[in-house]
Every structure is written in structure tokens, then in C-alpha cells.
>>> print(open('run_22.tsv').read())   # TSV, C-alpha atoms and all ligand atoms
chain	number	residue	atom	x	y	z
J	1	MET	CA	4.33	-35.57	-20.65
J	2	GLN	CA	7.78	-36.57	-19.37
J	3	ALA	CA	9.25	-33.44	-20.99
J	4	TYR	CA	6.97	-31.25	-18.87
J	5	PHE	CA	8.02	-32.97	-15.67
J	6	ASP	CA	11.70	-32.79	-16.62
J	7	LYS	CA	11.48	-28.99	-16.40
J	8	ILE	CA	8.94	-28.50	-13.62
J	9	TYR	CA	9.91	-26.09	-10.85
J	10	THR	CA	10.72	-28.11	-7.72
J	11	GLU	CA	11.82	-25.65	-5.03
J	12	GLY	CA	8.53	-24.35	-3.64
J	13	PHE	CA	6.79	-21.00	-3.31
J	14	LEU	CA	9.31	-18.95	-1.31
J	15	ALA	CA	12.21	-19.89	-3.56
J	16	PHE	CA	10.10	-19.09	-6.62
J	17	SER	CA	9.21	-15.69	-5.16
J	18	ASP	CA	12.95	-15.01	-4.85
J	19	VAL	CA	13.49	-16.06	-8.46
J	20	LEU	CA	10.83	-13.59	-9.61
J	21	LYS	CA	12.20	-10.79	-7.44
J	22	ASP	CA	15.64	-11.36	-8.92
J	23	LYS	CA	14.24	-11.40	-12.48
J	24	LEU	CA	12.43	-8.12	-11.78
J	25	GLU	CA	15.57	-6.50	-10.43
J	26	LYS	CA	17.67	-7.67	-13.36
J	27	GLN	CA	14.86	-6.95	-15.84
J	28	GLU	CA	15.12	-10.48	-17.20
J	29	LYS	CA	12.27	-11.70	-19.33
J	30	THR	CA	10.27	-14.64	-17.94
J	31	PHE	CA	7.21	-16.60	-19.04
J	32	VAL	CA	5.52	-18.58	-16.25
J	33	ILE	CA	2.95	-21.33	-16.81
J	34	THR	CA	0.92	-22.40	-13.77
J	35	ALA	CA	0.07	-26.05	-14.25
J	36	ASN	CA	-2.62	-28.35	-12.96
J	37	PRO	CA	-3.34	-31.78	-14.47
J	38	GLU	CA	-5.83	-30.24	-16.91
J	39	THR	CA	-3.20	-27.84	-18.18
J	40	LEU	CA	-0.75	-30.63	-18.90
J	41	MET	CA	-3.47	-32.71	-20.57
J	42	ILE	CA	-4.25	-29.82	-22.92
J	43	GLY	CA	-0.59	-29.98	-23.94
J	44	GLN	CA	-1.17	-33.59	-25.06
J	45	ASP	CA	-3.89	-32.54	-27.51
J	46	ASN	CA	-2.76	-29.10	-28.65
J	47	SER	CA	0.57	-29.07	-30.48
J	48	GLU	CA	1.09	-25.32	-30.17
J	49	PHE	CA	0.56	-25.44	-26.42
J	50	ASP	CA	2.76	-28.54	-26.21
J	51	ARG	CA	5.57	-26.59	-27.88
J	52	ILE	CA	5.13	-23.73	-25.37
J	53	LEU	CA	5.18	-26.11	-22.40
J	54	ARG	CA	8.40	-27.71	-23.68
J	55	SER	CA	10.08	-24.44	-24.62
J	56	ASP	CA	13.24	-23.22	-22.87
J	57	LYS	CA	11.52	-19.84	-22.61
J	58	THR	CA	8.89	-21.05	-20.16
J	59	VAL	CA	8.95	-22.11	-16.53
J	60	ILE	CA	6.25	-24.56	-15.43
J	61	VAL	CA	5.19	-24.25	-11.80
J	62	PRO	CA	3.03	-26.87	-10.02
J	63	ASP	CA	-0.20	-24.97	-9.34
J	64	GLY	CA	-2.40	-28.02	-8.66
J	65	ILE	CA	-1.85	-30.70	-6.03
J	66	GLY	CA	-2.31	-33.33	-8.76
J	67	VAL	CA	0.88	-32.11	-10.41
J	68	VAL	CA	2.80	-32.20	-7.11
J	69	LYS	CA	1.63	-35.76	-6.41
J	70	ALA	CA	2.35	-36.92	-9.96
J	71	ALA	CA	5.87	-35.47	-9.81
J	72	ASN	CA	6.48	-37.27	-6.53
J	73	MET	CA	5.22	-40.54	-8.01
J	74	LEU	CA	7.85	-40.01	-10.73
J	75	HIS	CA	10.49	-39.42	-8.02
J	76	ILE	CA	10.83	-35.73	-8.88
J	77	PRO	CA	11.19	-33.86	-5.58
J	78	VAL	CA	8.56	-31.16	-6.10
J	79	LYS	CA	8.12	-29.58	-2.67
J	80	GLU	CA	4.69	-28.00	-2.75
J	81	ARG	CA	2.15	-26.12	-4.82
J	82	VAL	CA	3.16	-22.80	-6.33
J	83	THR	CA	-0.20	-21.23	-7.16
J	84	GLY	CA	-0.98	-18.52	-9.66
J	85	VAL	CA	-3.00	-16.51	-7.13
J	86	GLU	CA	-0.13	-16.48	-4.62
J	87	ILE	CA	2.46	-15.60	-7.27
J	88	VAL	CA	0.33	-12.66	-8.38
J	89	GLN	CA	-0.08	-11.43	-4.79
J	90	LYS	CA	3.70	-11.57	-4.33
J	91	LEU	CA	4.28	-9.71	-7.57
J	92	PHE	CA	1.84	-7.00	-6.45
J	93	GLU	CA	3.91	-6.59	-3.24
J	94	PHE	CA	7.21	-6.38	-5.16
J	95	LEU	CA	5.83	-3.89	-7.68
J	96	ASN	CA	4.32	-1.80	-4.91
J	97	GLU	CA	7.66	-1.58	-3.09
J	98	ARG	CA	9.74	-0.67	-6.13
J	99	LYS	CA	7.12	1.42	-8.00
J	100	GLY	CA	7.11	-1.15	-10.77
J	101	SER	CA	4.74	-1.18	-13.71
J	102	LEU	CA	1.92	-3.58	-14.51
J	103	TYR	CA	-0.50	-4.38	-17.34
J	104	LEU	CA	-3.67	-6.43	-16.79
J	105	LEU	CA	-5.44	-8.19	-19.66
J	106	GLY	CA	-8.44	-10.45	-19.20
J	107	ALA	CA	-11.61	-11.28	-17.26
J	108	LYS	CA	-14.97	-9.53	-17.47
J	109	LYS	CA	-15.00	-5.76	-17.45
J	110	GLU	CA	-16.70	-5.47	-14.04
J	111	VAL	CA	-14.22	-7.94	-12.51
J	112	LEU	CA	-11.27	-6.06	-13.94
J	113	ASP	CA	-12.64	-2.69	-12.79
J	114	LYS	CA	-12.95	-4.04	-9.25
J	115	LEU	CA	-9.39	-5.37	-9.36
J	116	VAL	CA	-8.06	-2.04	-10.64
J	117	GLU	CA	-9.83	-0.22	-7.80
J	118	ARG	CA	-8.39	-2.64	-5.26
J	119	LEU	CA	-4.90	-2.16	-6.65
J	120	ARG	CA	-5.20	1.62	-6.49
J	121	ASN	CA	-6.30	1.44	-2.85
J	122	GLU	CA	-4.07	-1.32	-1.54
J	123	TYR	CA	-0.97	-1.06	-3.72
J	124	PRO	CA	-0.62	2.65	-4.48
J	125	GLY	CA	3.03	2.18	-5.49
J	126	ILE	CA	2.14	0.07	-8.53
J	127	VAL	CA	2.23	1.95	-11.82
J	128	LEU	CA	-0.71	0.47	-13.72
J	129	VAL	CA	0.26	1.28	-17.32
J	130	GLY	CA	-2.97	-0.14	-18.72
J	131	HIS	CA	-5.73	-2.70	-18.50
J	132	CYS	CA	-8.19	-4.31	-20.87
J	133	ASP	CA	-10.97	-6.85	-20.31
J	134	GLY	CA	-10.74	-10.26	-21.92
J	135	TYR	CA	-13.74	-9.93	-24.23
J	136	VAL	CA	-12.39	-7.43	-26.77
J	137	LYS	CA	-12.02	-8.93	-30.25
J	138	ASP	CA	-8.57	-7.81	-31.28
J	139	LYS	CA	-6.21	-8.94	-28.55
J	140	ASP	CA	-3.21	-8.56	-30.85
J	141	ALA	CA	-3.95	-4.83	-30.96
J	142	VAL	CA	-3.97	-4.83	-27.15
J	143	PHE	CA	-0.52	-6.39	-27.24
J	144	ASP	CA	0.71	-3.60	-29.54
J	145	LYS	CA	-0.12	-1.23	-26.67
J	146	ILE	CA	1.53	-3.49	-24.09
J	147	VAL	CA	4.73	-3.62	-26.17
J	148	GLU	CA	4.80	0.17	-26.19
J	149	ALA	CA	4.22	0.41	-22.43
J	150	LYS	CA	7.11	-1.99	-21.58
J	151	PRO	CA	5.63	-3.11	-18.23
J	152	ASP	CA	7.61	-5.00	-15.60
J	153	VAL	CA	4.76	-7.50	-15.25
J	154	VAL	CA	2.03	-8.56	-17.69
J	155	LEU	CA	-0.82	-10.71	-16.37
J	156	VAL	CA	-3.13	-12.37	-18.88
J	157	ALA	CA	-6.37	-13.94	-17.59
J	158	LEU	CA	-8.13	-15.57	-20.54
J	159	GLY	CA	-8.12	-19.24	-19.50
J	160	ILE	CA	-5.81	-22.03	-20.61
J	161	PRO	CA	-4.48	-22.26	-23.31
J	162	ALA	CA	-5.68	-19.01	-24.92
J	163	GLN	CA	-3.65	-16.89	-22.49
J	164	GLU	CA	-0.40	-18.81	-23.08
J	165	LEU	CA	-0.87	-18.88	-26.88
J	166	LEU	CA	-1.37	-15.12	-26.89
J	167	ILE	CA	1.66	-14.42	-24.68
J	168	ASP	CA	3.78	-16.74	-26.83
J	169	LYS	CA	2.71	-14.99	-30.03
J	170	HIS	CA	4.05	-11.65	-28.81
J	171	TYR	CA	6.78	-12.67	-26.34
J	172	ASP	CA	9.70	-12.05	-28.68
J	173	ARG	CA	8.63	-8.43	-29.12
J	174	PHE	CA	9.54	-7.65	-25.51
J	175	GLU	CA	12.95	-6.99	-24.01
J	176	LYS	CA	11.87	-7.39	-20.40
J	177	GLY	CA	8.88	-8.39	-18.32
J	178	ILE	CA	7.37	-11.20	-16.32
J	179	PHE	CA	4.48	-12.77	-18.27
J	180	ILE	CA	1.98	-15.07	-16.63
J	181	GLY	CA	-1.28	-16.64	-17.74
J	182	VAL	CA	-3.35	-16.45	-14.58
J	183	GLY	CA	-6.69	-18.11	-15.48
J	184	GLY	CA	-9.40	-17.19	-13.01
J	185	SER	CA	-7.08	-15.27	-10.65
J	186	PHE	CA	-8.59	-11.84	-11.42
J	187	ASP	CA	-11.98	-13.21	-10.32
J	188	VAL	CA	-10.45	-14.18	-6.97
J	189	LEU	CA	-8.16	-11.16	-6.49
J	190	SER	CA	-10.93	-8.68	-7.32
J	191	GLY	CA	-13.05	-10.25	-4.57
J	192	THR	CA	-15.67	-11.39	-7.14
J	193	LYS	CA	-15.09	-15.08	-6.50
J	194	LYS	CA	-13.96	-16.56	-3.21
J	195	ARG	CA	-10.91	-18.75	-3.03
J	196	ALA	CA	-11.48	-21.97	-1.08
J	197	PRO	CA	-11.50	-21.62	2.74
J	198	LYS	CA	-8.02	-22.00	4.29
J	199	ILE	CA	-8.79	-25.44	5.66
J	200	PHE	CA	-9.45	-26.75	2.11
J	201	ILE	CA	-6.17	-25.24	0.92
J	202	LYS	CA	-4.30	-26.71	3.87
J	203	LEU	CA	-5.73	-30.17	3.27
J	204	ASN	CA	-4.92	-29.88	-0.46
J	205	LEU	CA	-8.61	-30.02	-1.31
J	206	GLU	CA	-8.89	-26.72	-3.15
J	207	TRP	CA	-9.78	-28.65	-6.35
J	208	LEU	CA	-12.76	-30.21	-4.53
J	209	TYR	CA	-14.02	-26.81	-3.43
J	210	ARG	CA	-13.73	-25.55	-7.00
J	211	ILE	CA	-15.70	-28.36	-8.59
J	212	VAL	CA	-18.38	-28.28	-5.91
J	213	THR	CA	-18.87	-24.52	-6.27
J	214	GLU	CA	-18.58	-24.63	-10.08
J	215	PRO	CA	-20.27	-27.92	-11.10
J	216	LYS	CA	-19.78	-27.17	-14.80
J	217	ARG	CA	-16.13	-28.04	-14.23
J	218	ILE	CA	-16.86	-31.61	-13.11
J	219	LYS	CA	-16.84	-33.29	-16.53
J	220	ARG	CA	-13.68	-31.53	-17.74
J	221	PHE	CA	-12.02	-32.19	-14.40
J	222	TYR	CA	-12.97	-35.87	-14.33
J	223	VAL	CA	-12.00	-36.67	-17.90
J	224	SER	CA	-8.63	-34.96	-17.81
J	225	ASN	CA	-7.70	-36.21	-14.34
J	226	VAL	CA	-8.54	-39.86	-15.07
J	227	LYS	CA	-6.43	-39.73	-18.24
J	228	PHE	CA	-3.66	-37.87	-16.41
J	229	ILE	CA	-3.45	-40.46	-13.64
J	230	SER	CA	-3.32	-43.29	-16.14
J	231	ILE	CA	-0.49	-41.61	-18.09
J	232	ILE	CA	1.49	-41.00	-14.88
J	233	ARG	CA	1.02	-44.66	-13.79
J	234	LYS	CA	2.35	-45.85	-17.15
J	235	MET	CA	5.32	-43.48	-16.91
J	236	ARG	CA	6.12	-44.83	-13.48
J	237	GLY	CA	6.13	-48.35	-14.97
D	1	LIG	N1	-12.00	-15.02	-20.02
D	1	LIG	C1	-11.80	-13.88	-20.76
D	1	LIG	N2	-12.13	-13.90	-22.10
D	1	LIG	C2	-12.62	-15.00	-22.72
D	1	LIG	C3	-12.79	-16.19	-21.94
D	1	LIG	C4	-12.47	-16.16	-20.57
D	1	LIG	O1	-11.35	-12.87	-20.25
D	1	LIG	O2	-12.88	-14.95	-23.92
D	1	LIG	C5	-11.66	-14.98	-18.58
D	1	LIG	C6	-12.79	-15.32	-17.65
D	1	LIG	O3	-13.60	-14.18	-17.40
D	1	LIG	C7	-12.02	-15.78	-16.41
D	1	LIG	C8	-10.76	-16.40	-16.99
D	1	LIG	O4	-10.68	-15.93	-18.34
D	1	LIG	O5	-11.67	-14.67	-15.62
D	1	LIG	C9	-10.76	-17.92	-17.06
D	1	LIG	O6	-10.90	-18.45	-15.83
D	1	LIG	P1	-10.96	-19.99	-15.56
D	1	LIG	O7	-11.00	-20.16	-14.10
D	1	LIG	O8	-12.01	-20.66	-16.41
D	1	LIG	O9	-9.52	-20.39	-16.13
D	1	LIG	P2	-8.77	-21.76	-16.19
D	1	LIG	O10	-9.58	-22.80	-15.45
D	1	LIG	O11	-8.65	-22.05	-17.65
D	1	LIG	O12	-7.47	-21.45	-15.56
>>> encode(input="run_22.tsv", output="C-alpha cells")
Amino acid sequence: MQAYFDKIYTEGFLAFSDVLKDKLEKQEKTFVITANPETLMIGQDNSEFDRILRSDKTVIVPDGIGVVKAANMLHIPVKERVTGVEIVQKLFEFLNERKGSLYLLGAKKEVLDKLVERLRNEYPGIVLVGHCDGYVKDKDAVFDKIVEAKPDVVLVALGIPAQELLIDKHYDRFEKGIFIGVGGSFDVLSGTKKRAPKIFIKLNLEWLYRIVTEPKRIKRFYVSNVKFISIIRKMRG
């Protein structure tokens, strides 16, 4: 766990947006992992995902407030949340301005179709080089197509850790590109699922909104958060 916090991004959303803009301009390859406590707990049980979280190739950003608070308890000056949804919105703006290219993999077909339509209407500058829903069997074959298309940004929405494991498997085949596992972001960005009202986000209660609106998450949320807090307390000594 300490290894994850040693490399967590501390500087906040605006600075991270600048990092991504710079990477896009320089065509530098980047692999971003958006972390909440559950994500980091999966790393404790899954050795492949643990290796990816620790890797020099990946940047971990604090998506959930639990990660921000834990970092602060460990005296790591993490400023604020850097959420997957907001990163993706920023990337859409950058790609739109510079006529950059994008590939979308994941989510249900109807969700993805809605997102594609929204992109075409609202970000006409983006060159969408391809998209594929997340329920096709052979996702490696999809990556063969993505490698050929050489997009500036590749967003993979399959849930944690499947999305990161898939990106990792193919990452070395690319010379450029920003790769992010974005979980349920396509559901939100397509307008299918609502993000929490602004007041919840402002009060850092987005997690509460999510478990109340999706009760099936409660058990997973509770188990991983209780364990997470106990690990962080022990680390703090
Ligand atoms: N998903 C998918 N294929 C699968 C399983 C899930 O495309 O085989 C999609 C699902 O439709 C949703 C996203 O992956 O859009 C997972 O969202 P969730 O909010 O559960 O992600 P997490 O909490 O893991 O970030």
C-alpha cells in the first residue's frame, strides 16, 4: 500500500490537466489509473494489478476522497480529488481543439452509442477513430485495431481491474497515446447515469450518493473501505 502512496499524484486537477496537455503535445505515452480506496484494495489481492499500480509506467491519481484523506493522514500533501470523469471531459476539450484522435472501448452498446452521438454533436473536432462496446468476447482483437489506429487517447471502460489489465497487456505495442481506465464514466458522460448533484461533490459526499443510488455497491464499498482505513491507521503508526 505504501508503494502506491509513494507515487500518488499530489498537485491537483488543474496541474494534472496541464501534464496531460503537455503529454499530448509531445506525443508521450501515459497510463493513468484513477484510484479510490476500492481500487487500491484490489491491488492488495491481485498480484497483476499490484504490479501495474507499482509500475513506473503508470500514474495514480486520487479519484476518491478516501484516497485524498488517507494520503493526508500519511502526511502526503495530496491537494484534492482528480476524478476520471473530469479528466475525460478535459481530454475531450483538448482533442476537440487540436483535432486529436480518440478510441472508446467499453460500456453497454446503447450507452456507447449515446456517447458517440454526444461527441459528434458537442466535440466535432475530435477524430473518433473507432469504438467498441465492452461486451465483445475478444478484446485482444479490439486492441489489434487500436494499435493500427494509433489514437492520441484511448479510454477503456470495463471496470477495475479488467480495464487496467487489458491496457497493460497491450501498452508496449504503442508508441504514443494517453490510456485511461475510466470505469463507469461512459455511463455518466453519455447522460445515461447522473453524476451526484454538485452539492454532494462539493461536500465530498459523491461516494454516499453512489451507494445510495446503487445499493448493490454497499457491501463491496463497506468491506474494502473498512479494511482500507485499518491499513492506513497501521501505516500511520
Ligand atoms: N463493463 C463492460 N464490460 C463488462 C463489464 C463492465 O463494458 O464485461 C462496463 C459497464 O457497462 C460500466 C463499466 O464497465 O460502464 C464499469 O462501471 P463501474 O462503475 O462498475 O466501474 P468501477 O466501479 O469498477 O470503476
>>> atom_distance(input="run_22.tsv", atom1="atom CA of J:Asp172", atom2="atom CA of J:Gly125")
28.0 Å
>>> atom_distance(input="run_22.tsv", atom1="atom CA of J:Ile178", atom2="atom CA of J:Lys29")
5.8 Å
>>> residues_near_ligand(input="run_22.tsv", ligand="ligand LIG 1 (chain D)", cutoff="9 Å", atoms="only C-alpha atoms and all ligand atoms", output="mmCIF file with C-alpha atoms, in the frame of the given file")
data_model
loop_
_atom_site.group_PDB
_atom_site.id
_atom_site.type_symbol
_atom_site.label_atom_id
_atom_site.label_comp_id
_atom_site.auth_asym_id
_atom_site.auth_seq_id
_atom_site.Cartn_x
_atom_site.Cartn_y
_atom_site.Cartn_z
ATOM 1 C CA THR J 34 0.920 -22.400 -13.770
ATOM 2 C CA ALA J 35 0.070 -26.050 -14.250
ATOM 3 C CA ASN J 36 -2.620 -28.350 -12.960
ATOM 4 C CA GLU J 38 -5.830 -30.240 -16.910
ATOM 5 C CA THR J 39 -3.200 -27.840 -18.180
ATOM 6 C CA LEU J 105 -5.440 -8.190 -19.660
ATOM 7 C CA GLY J 106 -8.440 -10.450 -19.200
ATOM 8 C CA ALA J 107 -11.610 -11.280 -17.260
ATOM 9 C CA LYS J 108 -14.970 -9.530 -17.470
ATOM 10 C CA LYS J 109 -15.000 -5.760 -17.450
ATOM 11 C CA VAL J 111 -14.220 -7.940 -12.510
ATOM 12 C CA LEU J 112 -11.270 -6.060 -13.940
ATOM 13 C CA ASP J 133 -10.970 -6.850 -20.310
ATOM 14 C CA GLY J 134 -10.740 -10.260 -21.920
ATOM 15 C CA TYR J 135 -13.740 -9.930 -24.230
ATOM 16 C CA VAL J 136 -12.390 -7.430 -26.770
ATOM 17 C CA LYS J 137 -12.020 -8.930 -30.250
ATOM 18 C CA VAL J 156 -3.130 -12.370 -18.880
ATOM 19 C CA ALA J 157 -6.370 -13.940 -17.590
ATOM 20 C CA LEU J 158 -8.130 -15.570 -20.540
ATOM 21 C CA GLY J 159 -8.120 -19.240 -19.500
ATOM 22 C CA ILE J 160 -5.810 -22.030 -20.610
ATOM 23 C CA PRO J 161 -4.480 -22.260 -23.310
ATOM 24 C CA ALA J 162 -5.680 -19.010 -24.920
ATOM 25 C CA GLN J 163 -3.650 -16.890 -22.490
ATOM 26 C CA GLY J 181 -1.280 -16.640 -17.740
ATOM 27 C CA VAL J 182 -3.350 -16.450 -14.580
ATOM 28 C CA GLY J 183 -6.690 -18.110 -15.480
ATOM 29 C CA GLY J 184 -9.400 -17.190 -13.010
ATOM 30 C CA SER J 185 -7.080 -15.270 -10.650
ATOM 31 C CA PHE J 186 -8.590 -11.840 -11.420
ATOM 32 C CA ASP J 187 -11.980 -13.210 -10.320
ATOM 33 C CA VAL J 188 -10.450 -14.180 -6.970
ATOM 34 C CA ARG J 217 -16.130 -28.040 -14.230
#
>>> residues_around(input="run_22.tsv", residues="stretch 138-147 of chain J", least_positions_apart="4", cutoff="9 Å", atoms="only C-alpha atoms", output="number ranges by chain")
J: 103, 105, 129-130, 132, 134, 151, 154, 166-167, 169-170, 173-174
>>> write_last_selection(input="run_22.tsv", atoms="C-alpha atoms", output="compact mmCIF listing (two decimals), keeping the file's coordinate frame")
# COMPACT_ATOMS: atom_id res chain seq x y z
CA TYR J 103 -0.50 -4.38 -17.34
CA LEU J 105 -5.44 -8.19 -19.66
CA VAL J 129 0.26 1.28 -17.32
CA GLY J 130 -2.97 -0.14 -18.72
CA CYS J 132 -8.19 -4.31 -20.87
CA GLY J 134 -10.74 -10.26 -21.92
CA PRO J 151 5.63 -3.11 -18.23
CA VAL J 154 2.03 -8.56 -17.69
CA LEU J 166 -1.37 -15.12 -26.89
CA ILE J 167 1.66 -14.42 -24.68
CA LYS J 169 2.71 -14.99 -30.03
CA HIS J 170 4.05 -11.65 -28.81
CA ARG J 173 8.63 -8.43 -29.12
CA PHE J 174 9.54 -7.65 -25.51
>>> atom_distance(input="run_22.tsv", atom1="atom CA of J:Thr83", atom2="atom CA of J:Thr10")
12.9 Å
>>> residues_near_point(input="run_22.tsv", point="(8.0, -27.9, -10.9)", cutoff="7 Å", atoms="all atoms listed in the file", output="list of chain:residue names")
J:Phe5, J:Lys7, J:Ile8, J:Tyr9, J:Thr10, J:Ile60, J:Val61, J:Pro62, J:Val78
>>> closest_residue(input="run_22.tsv", among="J:Asn204, J:Ser190, J:Gln44, J:Ser55", to="J:Arg118", atoms="all atoms listed in the file")
J:Ser190
>>> closest_residue(input="run_22.tsv", among="J:Lys202, J:Lys219, J:Lys90, J:Lys26", to="J:Leu14", atoms="only C-alpha atoms")
J:Lys90
>>> closest_residue(input="run_22.tsv", among="J:Ile180, J:Ile201, J:Val19, J:Ile211", to="J:Thr58", atoms="only C-alpha atoms")
J:Ile180
>>> closest_residue(input="run_22.tsv", among="J:Trp207, J:Tyr123, J:Phe13, J:Phe94", to="J:Asp152", atoms="all atoms listed in the file")
J:Phe94
>>> residues_around(input="run_22.tsv", residues="J:Asp56", least_positions_apart="5", cutoff="12 Å", atoms="only C-alpha atoms", output="count of residues only")
9
>>> closest_residue(input="run_22.tsv", among="J:Gly66, J:Glu28, J:Lys23, J:Arg98", to="J:Asn225", atoms="all atoms listed in the file")
J:Gly66
>>> residues_around(input="run_22.tsv", residues="J:Ala196", least_positions_apart="5", cutoff="8 Å", atoms="all atoms listed in the file", output="compact mmCIF listing (two decimals) with C-alpha atoms, in the frame of the given file")
# COMPACT_ATOMS: atom_id res chain seq x y z
CA ILE J 201 -6.17 -25.24 0.92
CA GLU J 206 -8.89 -26.72 -3.15
CA TYR J 209 -14.02 -26.81 -3.43
CA ARG J 210 -13.73 -25.55 -7.00
>>> residues_around(input="run_22.tsv", residues="J:Leu91", least_positions_apart="2", cutoff="9 Å", atoms="all atoms listed in the file", output="ChimeraX atom specification")
/J:17,20-21,86-89,93-96,153
>>> axis_aligned_box(input="run_22.tsv", around="stretch 221-232 of chain J", padding_each_side="8 Å", output="lines of an AutoDock Vina configuration file")
center_x = -5.7
center_y = -37.7
center_z = -15.9
size_x = 30.5
size_y = 27.1
size_z = 20.6
>>> closest_residue(input="run_22.tsv", among="J:Ser224, J:Val67, J:Lys79, J:Gly84", to="J:Arg195", atoms="only C-alpha atoms")
J:Gly84
>>> decode(input="run_22.tsv", residues="stretch 128-143 of chain J", atoms="N, CA, C and O atoms", output="mmCIF file, in the first residue's frame")
data_model
loop_
_atom_site.group_PDB
_atom_site.id
_atom_site.type_symbol
_atom_site.label_atom_id
_atom_site.label_comp_id
_atom_site.auth_asym_id
_atom_site.auth_seq_id
_atom_site.Cartn_x
_atom_site.Cartn_y
_atom_site.Cartn_z
ATOM 1 N N LEU J 128 -12.841 10.518 -34.065
ATOM 2 C CA LEU J 128 -13.124 9.255 -33.383
ATOM 3 C C LEU J 128 -12.700 8.119 -34.320
ATOM 4 O O LEU J 128 -13.381 7.807 -35.276
ATOM 5 N N VAL J 129 -11.550 7.514 -34.019
ATOM 6 C CA VAL J 129 -11.014 6.507 -34.951
ATOM 7 C C VAL J 129 -11.666 5.141 -34.769
ATOM 8 O O VAL J 129 -11.461 4.243 -35.583
ATOM 9 N N GLY J 130 -12.461 4.988 -33.703
ATOM 10 C CA GLY J 130 -13.183 3.733 -33.529
ATOM 11 C C GLY J 130 -13.810 3.645 -32.163
ATOM 12 O O GLY J 130 -13.456 4.404 -31.257
ATOM 13 N N HIS J 131 -14.783 2.727 -32.043
ATOM 14 C CA HIS J 131 -15.362 2.470 -30.727
ATOM 15 C C HIS J 131 -15.907 1.054 -30.709
ATOM 16 O O HIS J 131 -16.258 0.501 -31.759
ATOM 17 N N CYS J 132 -15.941 0.479 -29.506
ATOM 18 C CA CYS J 132 -16.431 -0.889 -29.380
ATOM 19 C C CYS J 132 -17.002 -1.059 -27.976
ATOM 20 O O CYS J 132 -16.385 -0.605 -27.005
ATOM 21 N N ASP J 133 -18.172 -1.692 -27.860
ATOM 22 C CA ASP J 133 -18.757 -1.855 -26.519
ATOM 23 C C ASP J 133 -17.936 -2.857 -25.707
ATOM 24 O O ASP J 133 -17.070 -3.551 -26.242
ATOM 25 N N GLY J 134 -18.216 -2.905 -24.424
ATOM 26 C CA GLY J 134 -17.381 -3.703 -23.530
ATOM 27 C C GLY J 134 -17.836 -5.135 -23.365
ATOM 28 O O GLY J 134 -17.382 -5.818 -22.448
ATOM 29 N N TYR J 135 -18.757 -5.604 -24.191
ATOM 30 C CA TYR J 135 -19.283 -6.951 -24.006
ATOM 31 C C TYR J 135 -18.919 -7.881 -25.165
ATOM 32 O O TYR J 135 -19.468 -8.966 -25.279
ATOM 33 N N VAL J 136 -17.991 -7.445 -26.020
ATOM 34 C CA VAL J 136 -17.499 -8.354 -27.064
ATOM 35 C C VAL J 136 -16.526 -9.333 -26.397
ATOM 36 O O VAL J 136 -15.874 -8.987 -25.409
ATOM 37 N N LYS J 137 -16.439 -10.545 -26.944
ATOM 38 C CA LYS J 137 -15.596 -11.566 -26.306
ATOM 39 C C LYS J 137 -14.111 -11.259 -26.447
ATOM 40 O O LYS J 137 -13.371 -11.248 -25.473
ATOM 41 N N ASP J 138 -13.690 -11.017 -27.683
ATOM 42 C CA ASP J 138 -12.247 -10.951 -27.934
ATOM 43 C C ASP J 138 -11.733 -9.509 -27.875
ATOM 44 O O ASP J 138 -11.627 -8.822 -28.884
ATOM 45 N N LYS J 139 -11.390 -9.086 -26.678
ATOM 46 C CA LYS J 139 -10.953 -7.690 -26.526
ATOM 47 C C LYS J 139 -9.513 -7.501 -27.008
ATOM 48 O O LYS J 139 -9.103 -6.393 -27.329
ATOM 49 N N ASP J 140 -8.769 -8.608 -27.082
ATOM 50 C CA ASP J 140 -7.410 -8.500 -27.630
ATOM 51 C C ASP J 140 -7.481 -8.138 -29.113
ATOM 52 O O ASP J 140 -6.673 -7.353 -29.612
ATOM 53 N N ALA J 141 -8.475 -8.701 -29.795
ATOM 54 C CA ALA J 141 -8.654 -8.379 -31.221
ATOM 55 C C ALA J 141 -9.014 -6.901 -31.380
ATOM 56 O O ALA J 141 -8.585 -6.247 -32.342
ATOM 57 N N VAL J 142 -9.777 -6.372 -30.431
ATOM 58 C CA VAL J 142 -10.115 -4.939 -30.479
ATOM 59 C C VAL J 142 -8.813 -4.133 -30.354
ATOM 60 O O VAL J 142 -8.602 -3.149 -31.073
ATOM 61 N N PHE J 143 -7.950 -4.581 -29.472
ATOM 62 C CA PHE J 143 -6.687 -3.846 -29.309
ATOM 63 C C PHE J 143 -5.810 -3.916 -30.562
ATOM 64 O O PHE J 143 -5.061 -2.979 -30.834
#
